[in-house]
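Structure first, then comments.
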Amino acid sequence: WEIDIFGGARRNVEAATADLQAAVEDRRDVLITLVGDVGSNYINLRGFQQQIDIARRNLKAQKHNAAIIQKRHDAGFVGGLDVANAKAQVATTEATIPVFESSARAAIYSLGVLLGREPAALTQELTQVGPIPPTPLEIPVGLPSELLRRRPDIRRAEARLHAATARIGVATADLFPKFNLAGSFGLSASDAAKLGNFNSNFWSWGPSITWPIFAGGRFYYNIKVQDALTEQALLTYEKTVLTALKDVETALVAYAKQQETRKSLSQAVVNNRKAVDLATQLYLAGKTDFLNVLIAQRSLFTSEDALAQSTTAVDTNLIALYKALGGGWENEGAPPGAEQAKK
């Protein structure tokens with residue numbers, strides 16, 4: 001039997017346990033990234049579909065106006081310039097739709113792959129236009145810093161620091177002597193008839209000592225190596241925590257500011273719709289030229305498209321916050337995925 005009075009074996013178990021925990025956090029990191037990527041691609045898909053719908057609605061209105069202008073031109077009320085401008089507006093809007101359709105199809109393919117299916121597996125299910133999922137108006141402020149410890153990268157760095165620290169203990173324990181207790185028992189007799197005689201039995205018992213301090217400094221320098229690795233693990237841990245704080249603050253600011261942008265764009269859309277109606281009425285009444293109608297229509301299409309993009313950005317920024325906090329902002333004790341990680 002070997003007696004390790006300085007705890008080297010216990011430290012080995014401690015280091016191995018920390019390594020296992022780091023591996024578990026690697027798995028959690030992958031799961032959170034996967035969930036975030038699925039959410040982002042789904043949000044982008046619905047955003048592209050909204051942009052397609054906006055482009056088609058504007059295209060329909062522009063075609064209607066172009067038809068009216070063509071009739072007024074045929075009747076001699078307007079010149080060919082108005083007709084050319086109207087047709088150019090229609091063609092410009094029409095050209096945006098294939099780009100959005102291509103992007104939407106690419107998002108569907110990405111979702112299929114992320115869910116472990118063939119790229120086109122979800123095409124029929126997701127082709128129908130759906131709304132961009134709503135988001136909460138506010139995220140609770142004053143989040144406890146303890147939530148940052150839900151991040152897999154922080155927990156992984158912490159586990160690796162723990163493992164490196166334990167290995168210092170292992171390397172230090174190697175310097176000290178280990179005691180081995182060895183014994184043997186047997187039978188010895190020159191005559192087979194005497195084998196049952198107690199006097200023919202023999203046994204030996206005695207300790208042996210292993211002391212690696214005489215191993216030419218190898219264990220001493222191993223301690224130095226483990227010290228350096230622990231210092232590296234500590235620096236990695238500190239950097240990981242600072243990066244996590246930066247990610248959370250960035251995501252919170254981006255989410256809040258994008259909501260302000262969406263609010264302003266919503267008001268811009270309302271005003272641009274009024275401008276289009278008013279410019280069209282004035283043009284048909286002969287009180288303004290077609291350029292004002294054209295400008296109003298372009299402004300409306302631009303603001304509606306920007307509003308759809310901003311709504312998509314609000315959702316994707318919320319997903320970025322979800323990832324920055326290691327899977328959410330509700331403090332419920334165990335980190336998300338902890339139960340699955342045990343299976």
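Here's how to read the names in the structure tokens: chain A, B, ... by the order shown, residue numbers from 1 in each chain, ligand numbers from 1 in the order shown.
Residues surrounding Ile295 in chain A within 12 Å are Gln62, Asn85, Ala86, Gln89, Asn272, Arg273, Ala275, Val276, Ala279, Thr280, Asp289, Phe301 and Thr302 of chain A [only C-alpha atoms; sequence separation below 6 positions excluded].
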Write the selection just made, keeping N, CA and C atoms, as a CSV table (one decimal), in the first residue's frame?
```csv
chain,number,residue,atom,x,y,z
A,62,GLN,N,-47.2,52.1,-56.4
A,62,GLN,CA,-46.5,52.8,-57.4
A,62,GLN,C,-47.0,52.5,-58.8
A,85,ASN,N,-40.5,59.0,-65.0
A,85,ASN,CA,-40.1,58.9,-63.6
A,85,ASN,C,-41.0,57.9,-62.9
A,86,ALA,N,-42.2,57.8,-63.2
A,86,ALA,CA,-43.1,56.8,-62.5
A,86,ALA,C,-42.7,55.4,-62.8
A,89,GLN,N,-39.5,54.6,-61.0
A,89,GLN,CA,-39.8,54.3,-59.6
A,89,GLN,C,-40.3,52.8,-59.4
A,272,ASN,N,-44.7,60.0,-43.4
A,272,ASN,CA,-44.5,59.8,-44.8
A,272,ASN,C,-45.8,59.3,-45.5
A,273,ARG,N,-46.6,58.5,-44.8
A,273,ARG,CA,-47.8,58.1,-45.4
A,273,ARG,C,-48.8,59.2,-45.7
A,275,ALA,N,-47.8,62.3,-46.1
A,275,ALA,CA,-47.2,63.1,-47.2
A,275,ALA,C,-47.5,62.5,-48.6
A,276,VAL,N,-47.5,61.2,-48.7
A,276,VAL,CA,-47.8,60.5,-50.0
A,276,VAL,C,-49.3,60.8,-50.4
A,279,ALA,N,-49.5,64.6,-51.3
A,279,ALA,CA,-48.8,64.9,-52.5
A,279,ALA,C,-49.6,64.4,-53.7
A,280,THR,N,-50.2,63.2,-53.6
A,280,THR,CA,-51.0,62.6,-54.7
A,280,THR,C,-52.2,63.4,-54.9
A,289,ASP,N,-46.3,69.4,-58.9
A,289,ASP,CA,-45.8,68.5,-59.9
A,289,ASP,C,-45.5,67.1,-59.4
A,301,PHE,N,-41.3,54.4,-48.8
A,301,PHE,CA,-40.7,53.1,-48.9
A,301,PHE,C,-39.4,52.9,-48.1
A,302,THR,N,-38.6,54.0,-48.1
A,302,THR,CA,-37.3,53.9,-47.4
A,302,THR,C,-37.6,53.8,-45.9
```
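Between Gly39 in chain A and the candidates A:Pro98, A:Val225, A:Pro133, A:Glu304, the tightest atom-to-atom separation, counting only C-alpha atoms, involves A:Pro133.
Closest to Ala107 in chain A among A:Ile52, A:Leu20, A:Leu122, A:Ile69 is A:Leu122, based on only C-alpha atoms.
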Next item on the list: Mind giving me the straight-line distance from CA of Arg262 in chain A to CA of Leu59 in chain A in Å, one decimal?
Entry: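 Separating CA of Arg262 in chain A from CA of Leu59 in chain A is a distance of 23.2 Å.
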Check: Expressed in Å to a single decimal, how great is the separation between CA of Thr93 in chain A and CA of Asn292 in chain A?
Finding: 17.4 Å
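Of the residues under consideration (A:Ala296, A:Ala16, A:Ala22, A:Ile43), A:Ile43 shows the shortest atom-to-atom contact distance to Val314 in chain A when counting only C-alpha atoms.
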Next item on the list: Would you kindly return, as a list in words, each protein, DNA or RNA residue with an atom no farther than 12 Å from any atom of Glu260 in chain A, considering only C-alpha atoms and excluding same-chain residues fewer than 2 positions away?
Entry: Leu137, Glu138, Val253, Ala254, Tyr255, Ala256, Lys257, Gln258, Arg262, Lys263, Ser264, Leu265, Ser266, Gln267, Leu307, Ser310, Thr311, Ala313 and Val314 of chain A
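Considering only C-alpha atoms, the residue among A:Thr261, A:Asn12, A:Gln50, A:Asn41 positioned nearest to Ala308 in chain A is A:Gln50.
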